[in-house]
Amino acid sequence: MSERILILKSGKCAWARCLFCGYGSIHTEVGKEDLIRKFDKFFRNLDKTENLKVFGSGSFLDEKQVPKEVRRYFIEKCRQMGIKKVTIESRPEFITTEKLKEFDGIDLEIGIGLEVADDKILKRINKGFSLKDYERAVDIIHKCNKKVRTYLLVNLPFVRDIEKSLEDSVRYALKFSDSIVLINLLPHHNSKLFKMWLRGEWNFLSRDEFYKLVKKFAKNPKIEIDVETFKFIPKFPLELRENLSGVGEEFLTHRHFEVWQDYLQRWYCPPRKRDILLLLPCSHKKPYSKSKTHKKILRILKKFKNYRRIHQVMVSNAGLVPREFENLYPFNSYDWDEKRETHEIKKRYIEITAERIERYLSAHKKSYKRILCFLRYDSESYKALKIASQRLGFEFRNLLSKETYNRIKSRGRILQTEDALNDLYNGLKNEIA
Ligand code: SF4
């Protein structure tokens, strides 16, 4: 059956208080005429669609979000277009017999975010309705010969035994639903859950952890599995951002750096086809690519036709920073002044960085055919890399040769010198040309 998805941005979720949801606070002011124009545009470009899914934060059946006339216009359009099945989403309180009857003749499915079959947890996550409310809505839907699609969130906070809670919730939801979606809970920015994540009170499941938990349900034809409902990147809302300039333990293991490193190790996948890892130093100027050293490095890399095979990852007190994230907070908002480093903090930097490299490469070593670096031999980052390579047993090559380094080490900014950059060019020629 051909399927299309309509993302509906209209109004605001009437509840907007679920602890894990950042969508609820999004408000898109759209007038009736605009909404109708949007539907017209969508249906104009629709070709032979039999199954239409309408997604949007909130409730399609909330008349403040989708006014009655607009809803009826939408239903009529679906009929005209010969759409056989329509899926919409709604909170239980907006589900009424009268509204559902309007859809007669169309196979209607209503998605309800039940999240968990436990009233105590529903209260704690501030869902704003109970199992009784859900059951009442399900009863109306089934009496109108429509279908129920129940969303369950896997790994909610406050749940003591995730596995048992999931089993109980699935068993419960199967009694009331025509289909179920098991969703991996990830931290939306703008949600309270995001703050809990930053405080270390909750953590997301990696893909493997999630699949392991839901595996036993995967063969049930009524159950779908959704590991990533939105593209998950830790996006810090403005009000949570801090000035991270300084030297010391606090600026080495700050929570904002740590959650990113955890993300890079447990969720991130290096870009496909970038099979050569090149570890580079960070720079005072942010984003790194605007600094003199990085500009020169990038000029050399771009001389190679297939330079896109190179995955550039910076090594810094903030952790490992893949080039594609260099302009995101916190990587564009810290400053570590090497002149203020003490012997102790240098030692800690090496320890922490070696661990971070080790964990990153334990997760992603298979993505890379070669591991290279362009680092000063006396830098803490290079020392950390060496320790990680010994512990994990991987080989790497420093594109700055020992001979060049020994010859120029007394000069300042050695990675910007022609000699060092020549090494980078010649080294890469051997590796990727
Ligand atoms: S989960 Fe749904 S009901 Fe809860 S705030 Fe988000 S959009 Fe609203």
# chains A, B, ... in the order shown; residues from 1 in each chain; ligands from 1
call {"tool": "select_by_dssp", "arguments": {"residues": "range 99-318 of chain A", "states": "alpha helix (DSSP H)", "output": "ChimeraX atom specification"}}
result
/A:99-101,119-124,131-143,162-176,192-198,207-214,255-266,292-301
call {"tool": "closest_atom_pairs", "arguments": {"of": "chain A", "to": "ligand 1", "cutoff": "6 Å", "atoms": "only C-alpha atoms and all ligand atoms", "output": "tab-separated table"}}
result
residue	atom	partner	partner_atom_place_in_ligand_line	distance
A:Cys13	CA	ligand 1	8 (Fe)	4.7
A:Trp15	CA	ligand 1	8 (Fe)	5.2
A:Ala16	CA	ligand 1	5 (S)	3.5
A:Arg17	CA	ligand 1	5 (S)	4.8
A:Cys18	CA	ligand 1	4 (Fe)	4.3
A:Cys21	CA	ligand 1	6 (Fe)	4.6
A:Tyr23	CA	ligand 1	6 (Fe)	5.4
A:Gly24	CA	ligand 1	5 (S)	4.0
A:Ser57	CA	ligand 1	7 (S)	4.1
A:Gly58	CA	ligand 1	7 (S)	4.0
call {"tool": "write_last_selection", "arguments": {"atoms": "C-alpha atoms", "output": "CSV table (one decimal), in the first residue's frame"}}
result
chain,number,residue,atom,x,y,z
A,13,CYS,CA,-0.3,20.9,22.0
A,15,TRP,CA,-1.2,19.9,27.2
A,16,ALA,CA,2.4,20.7,26.5
A,17,ARG,CA,3.7,19.4,29.8
A,18,CYS,CA,4.9,15.8,29.2
A,21,CYS,CA,8.6,16.1,25.1
A,23,TYR,CA,7.5,19.5,20.8
A,24,GLY,CA,4.7,20.5,23.2
A,57,SER,CA,2.8,17.6,18.0
A,58,GLY,CA,-0.5,17.7,19.9
call {"tool": "closest_residue", "arguments": {"among": "A:Met81, A:Cys282, A:Ile387, A:Ile95", "to": "Gly319 in chain A", "atoms": "only C-alpha atoms"}}
result
A:Cys282
call {"tool": "residues_around", "arguments": {"residues": "Leu185 in chain A", "least_positions_apart": "2", "cutoff": "7 Å", "atoms": "only C-alpha atoms", "output": "VMD selection string"}}
result
chain A and resid 153 to 156 183 187 204
call {"tool": "atom_distance", "arguments": {"atom1": "CA of Leu280 in chain A", "atom2": "CA of Asp423 in chain A"}}
result
14.0 Å
call {"tool": "closest_residue", "arguments": {"among": "A:Leu19, A:Ile112, A:Cys144, A:Ile233", "to": "Leu131 in chain A", "atoms": "only C-alpha atoms"}}
result
A:Ile112
call {"tool": "select_by_dssp", "arguments": {"residues": "range 37-237 of chain A", "states": "strand (DSSP E)", "output": "PDB file with N, CA and C atoms, in the first residue's frame"}}
result
ATOM      1  N   ASN A  51      -2.461   5.283   1.755  1.00  0.00           N
ATOM      2  CA  ASN A  51      -2.324   5.319   3.203  1.00  0.00           C
ATOM      3  C   ASN A  51      -1.667   6.648   3.603  1.00  0.00           C
ATOM      4  N   LEU A  52      -2.396   7.459   4.333  1.00  0.00           N
ATOM      5  CA  LEU A  52      -1.870   8.781   4.707  1.00  0.00           C
ATOM      6  C   LEU A  52      -1.694   8.864   6.221  1.00  0.00           C
ATOM      7  N   LYS A  53      -0.478   9.263   6.631  1.00  0.00           N
ATOM      8  CA  LYS A  53      -0.225   9.426   8.066  1.00  0.00           C
ATOM      9  C   LYS A  53      -0.027  10.909   8.361  1.00  0.00           C
ATOM     10  N   VAL A  54      -0.744  11.418   9.322  1.00  0.00           N
ATOM     11  CA  VAL A  54      -0.601  12.836   9.676  1.00  0.00           C
ATOM     12  C   VAL A  54       0.086  12.912  11.035  1.00  0.00           C
ATOM     13  N   PHE A  55       1.259  13.510  11.052  1.00  0.00           N
ATOM     14  CA  PHE A  55       1.994  13.654  12.308  1.00  0.00           C
ATOM     15  C   PHE A  55       2.136  15.131  12.658  1.00  0.00           C
ATOM     16  N   LYS A  85      -6.733   4.702   3.859  1.00  0.00           N
ATOM     17  CA  LYS A  85      -6.444   4.632   5.284  1.00  0.00           C
ATOM     18  C   LYS A  85      -5.781   5.936   5.760  1.00  0.00           C
ATOM     19  N   VAL A  86      -6.242   6.451   6.873  1.00  0.00           N
ATOM     20  CA  VAL A  86      -5.662   7.683   7.430  1.00  0.00           C
ATOM     21  C   VAL A  86      -5.276   7.424   8.888  1.00  0.00           C
ATOM     22  N   THR A  87      -4.053   7.854   9.245  1.00  0.00           N
ATOM     23  CA  THR A  87      -3.628   7.761  10.644  1.00  0.00           C
ATOM     24  C   THR A  87      -3.466   9.185  11.173  1.00  0.00           C
ATOM     25  N   ILE A  88      -4.110   9.455  12.289  1.00  0.00           N
ATOM     26  CA  ILE A  88      -3.922  10.761  12.941  1.00  0.00           C
ATOM     27  C   ILE A  88      -3.514  10.487  14.397  1.00  0.00           C
ATOM     28  N   GLU A  89      -3.123  11.561  15.091  1.00  0.00           N
ATOM     29  CA  GLU A  89      -2.724  11.386  16.503  1.00  0.00           C
ATOM     30  C   GLU A  89      -3.588  12.282  17.382  1.00  0.00           C
ATOM     31  N   ASP A 107     -10.715   4.164   6.438  1.00  0.00           N
ATOM     32  CA  ASP A 107     -10.145   3.315   7.493  1.00  0.00           C
ATOM     33  C   ASP A 107      -9.292   4.232   8.389  1.00  0.00           C
ATOM     34  N   LEU A 108      -9.838   4.606   9.519  1.00  0.00           N
ATOM     35  CA  LEU A 108      -9.151   5.587  10.381  1.00  0.00           C
ATOM     36  C   LEU A 108      -8.437   4.903  11.545  1.00  0.00           C
ATOM     37  N   GLU A 109      -7.210   5.342  11.743  1.00  0.00           N
ATOM     38  CA  GLU A 109      -6.416   4.808  12.869  1.00  0.00           C
ATOM     39  C   GLU A 109      -5.983   6.015  13.703  1.00  0.00           C
ATOM     40  N   ILE A 110      -6.124   5.885  15.017  1.00  0.00           N
ATOM     41  CA  ILE A 110      -5.745   7.027  15.880  1.00  0.00           C
ATOM     42  C   ILE A 110      -4.585   6.628  16.776  1.00  0.00           C
ATOM     43  N   GLY A 111      -3.520   7.377  16.653  1.00  0.00           N
ATOM     44  CA  GLY A 111      -2.338   7.131  17.483  1.00  0.00           C
ATOM     45  C   GLY A 111      -2.478   7.843  18.820  1.00  0.00           C
ATOM     46  N   ILE A 112      -2.298   7.098  19.898  1.00  0.00           N
ATOM     47  CA  ILE A 112      -2.352   7.702  21.243  1.00  0.00           C
ATOM     48  C   ILE A 112      -1.012   7.419  21.927  1.00  0.00           C
ATOM     49  N   GLY A 113      -0.394   8.465  22.422  1.00  0.00           N
ATOM     50  CA  GLY A 113       0.877   8.293  23.146  1.00  0.00           C
ATOM     51  C   GLY A 113       0.600   7.881  24.567  1.00  0.00           C
ATOM     52  N   LEU A 114       0.416   6.594  24.776  1.00  0.00           N
ATOM     53  CA  LEU A 114       0.168   6.108  26.142  1.00  0.00           C
ATOM     54  C   LEU A 114       1.481   6.087  26.929  1.00  0.00           C
ATOM     55  N   GLU A 115       2.553   5.768  26.265  1.00  0.00           N
ATOM     56  CA  GLU A 115       3.928   5.735  26.795  1.00  0.00           C
ATOM     57  C   GLU A 115       4.206   4.560  27.740  1.00  0.00           C
ATOM     58  N   LYS A 147      -9.569   2.337  14.376  1.00  0.00           N
ATOM     59  CA  LYS A 147      -8.478   1.545  14.968  1.00  0.00           C
ATOM     60  C   LYS A 147      -7.622   2.363  15.948  1.00  0.00           C
ATOM     61  N   VAL A 148      -7.007   1.630  16.864  1.00  0.00           N
ATOM     62  CA  VAL A 148      -6.153   2.269  17.883  1.00  0.00           C
ATOM     63  C   VAL A 148      -4.694   1.888  17.635  1.00  0.00           C
ATOM     64  N   ARG A 149      -3.863   2.904  17.609  1.00  0.00           N
ATOM     65  CA  ARG A 149      -2.405   2.693  17.484  1.00  0.00           C
ATOM     66  C   ARG A 149      -1.787   3.264  18.758  1.00  0.00           C
ATOM     67  N   THR A 150      -1.129   2.440  19.522  1.00  0.00           N
ATOM     68  CA  THR A 150      -0.615   2.919  20.820  1.00  0.00           C
ATOM     69  C   THR A 150       0.901   3.064  20.776  1.00  0.00           C
ATOM     70  N   TYR A 151       1.380   4.223  21.196  1.00  0.00           N
ATOM     71  CA  TYR A 151       2.828   4.452  21.282  1.00  0.00           C
ATOM     72  C   TYR A 151       3.287   4.158  22.712  1.00  0.00           C
ATOM     73  N   LEU A 152       4.327   3.365  22.818  1.00  0.00           N
ATOM     74  CA  LEU A 152       4.924   3.096  24.136  1.00  0.00           C
ATOM     75  C   LEU A 152       6.372   3.560  24.118  1.00  0.00           C
ATOM     76  N   LEU A 153       6.780   4.240  25.178  1.00  0.00           N
ATOM     77  CA  LEU A 153       8.167   4.705  25.257  1.00  0.00           C
ATOM     78  C   LEU A 153       9.002   3.716  26.060  1.00  0.00           C
ATOM     79  N   VAL A 154      10.096   3.296  25.465  1.00  0.00           N
ATOM     80  CA  VAL A 154      10.972   2.336  26.146  1.00  0.00           C
ATOM     81  C   VAL A 154      12.042   3.127  26.904  1.00  0.00           C
ATOM     82  N   SER A 179      -2.552  -1.738  16.705  1.00  0.00           N
ATOM     83  CA  SER A 179      -1.099  -1.766  16.471  1.00  0.00           C
ATOM     84  C   SER A 179      -0.409  -1.000  17.601  1.00  0.00           C
ATOM     85  N   ILE A 180       0.868  -1.344  17.767  1.00  0.00           N
ATOM     86  CA  ILE A 180       1.660  -0.716  18.844  1.00  0.00           C
ATOM     87  C   ILE A 180       2.999  -0.293  18.246  1.00  0.00           C
ATOM     88  N   VAL A 181       3.519   0.834  18.692  1.00  0.00           N
ATOM     89  CA  VAL A 181       4.868   1.227  18.288  1.00  0.00           C
ATOM     90  C   VAL A 181       5.724   1.343  19.549  1.00  0.00           C
ATOM     91  N   LEU A 182       6.830   0.630  19.559  1.00  0.00           N
ATOM     92  CA  LEU A 182       7.769   0.729  20.685  1.00  0.00           C
ATOM     93  C   LEU A 182       8.839   1.742  20.305  1.00  0.00           C
ATOM     94  N   ILE A 183       8.910   2.810  21.057  1.00  0.00           N
ATOM     95  CA  ILE A 183       9.783   3.930  20.695  1.00  0.00           C
ATOM     96  C   ILE A 183      10.950   4.042  21.667  1.00  0.00           C
ATOM     97  N   ASN A 184      12.127   4.172  21.111  1.00  0.00           N
ATOM     98  CA  ASN A 184      13.313   4.386  21.947  1.00  0.00           C
ATOM     99  C   ASN A 184      13.308   5.838  22.429  1.00  0.00           C
ATOM    100  N   ILE A 223       3.212  -5.241  16.294  1.00  0.00           N
ATOM    101  CA  ILE A 223       4.166  -4.341  16.960  1.00  0.00           C
ATOM    102  C   ILE A 223       5.225  -3.823  16.005  1.00  0.00           C
ATOM    103  N   GLU A 224       5.406  -2.498  16.016  1.00  0.00           N
ATOM    104  CA  GLU A 224       6.488  -1.880  15.232  1.00  0.00           C
ATOM    105  C   GLU A 224       7.543  -1.348  16.195  1.00  0.00           C
ATOM    106  N   ILE A 225       8.748  -1.219  15.660  1.00  0.00           N
ATOM    107  CA  ILE A 225       9.863  -0.798  16.513  1.00  0.00           C
ATOM    108  C   ILE A 225      10.452   0.473  15.916  1.00  0.00           C
ATOM    109  N   ASP A 226      10.645   1.472  16.745  1.00  0.00           N
ATOM    110  CA  ASP A 226      11.205   2.738  16.224  1.00  0.00           C
ATOM    111  C   ASP A 226      12.392   3.153  17.097  1.00  0.00           C
TER     112      ASP A 226
END
call {"tool": "closest_residue", "arguments": {"among": "A:Glu209, A:Ile121, A:Lys143, A:Glu395", "to": "Ser169 in chain A", "atoms": "only C-alpha atoms"}}
result
A:Ile121
call {"tool": "residues_around", "arguments": {"residues": "range 235-242 of chain A", "least_positions_apart": "4", "cutoff": "7 Å", "atoms": "only C-alpha atoms", "output": "PyMOL selection string"}}
result
chain A and resi 189-190+329
call {"tool": "residues_around", "arguments": {"residues": "range 347-360 of chain A", "least_positions_apart": "5", "cutoff": "6 Å", "atoms": "only C-alpha atoms", "output": "mmCIF file with C-alpha atoms, in the first residue's frame"}}
result
data_model
loop_
_atom_site.group_PDB
_atom_site.id
_atom_site.type_symbol
_atom_site.label_atom_id
_atom_site.label_comp_id
_atom_site.auth_asym_id
_atom_site.auth_seq_id
_atom_site.Cartn_x
_atom_site.Cartn_y
_atom_site.Cartn_z
ATOM 1 C CA GLN A 265 30.633 6.622 21.808
ATOM 2 C CA GLU A 380 49.310 15.735 25.691
ATOM 3 C CA ALA A 384 47.055 10.142 25.125
ATOM 4 C CA LEU A 385 46.709 8.674 21.632
ATOM 5 C CA ALA A 388 45.055 4.416 23.851
#
call {"tool": "closest_residue", "arguments": {"among": "A:Leu424, A:Tyr73, A:Arg299, A:Pro287", "to": "Asn327 in chain A", "atoms": "only C-alpha atoms"}}
result
A:Pro287
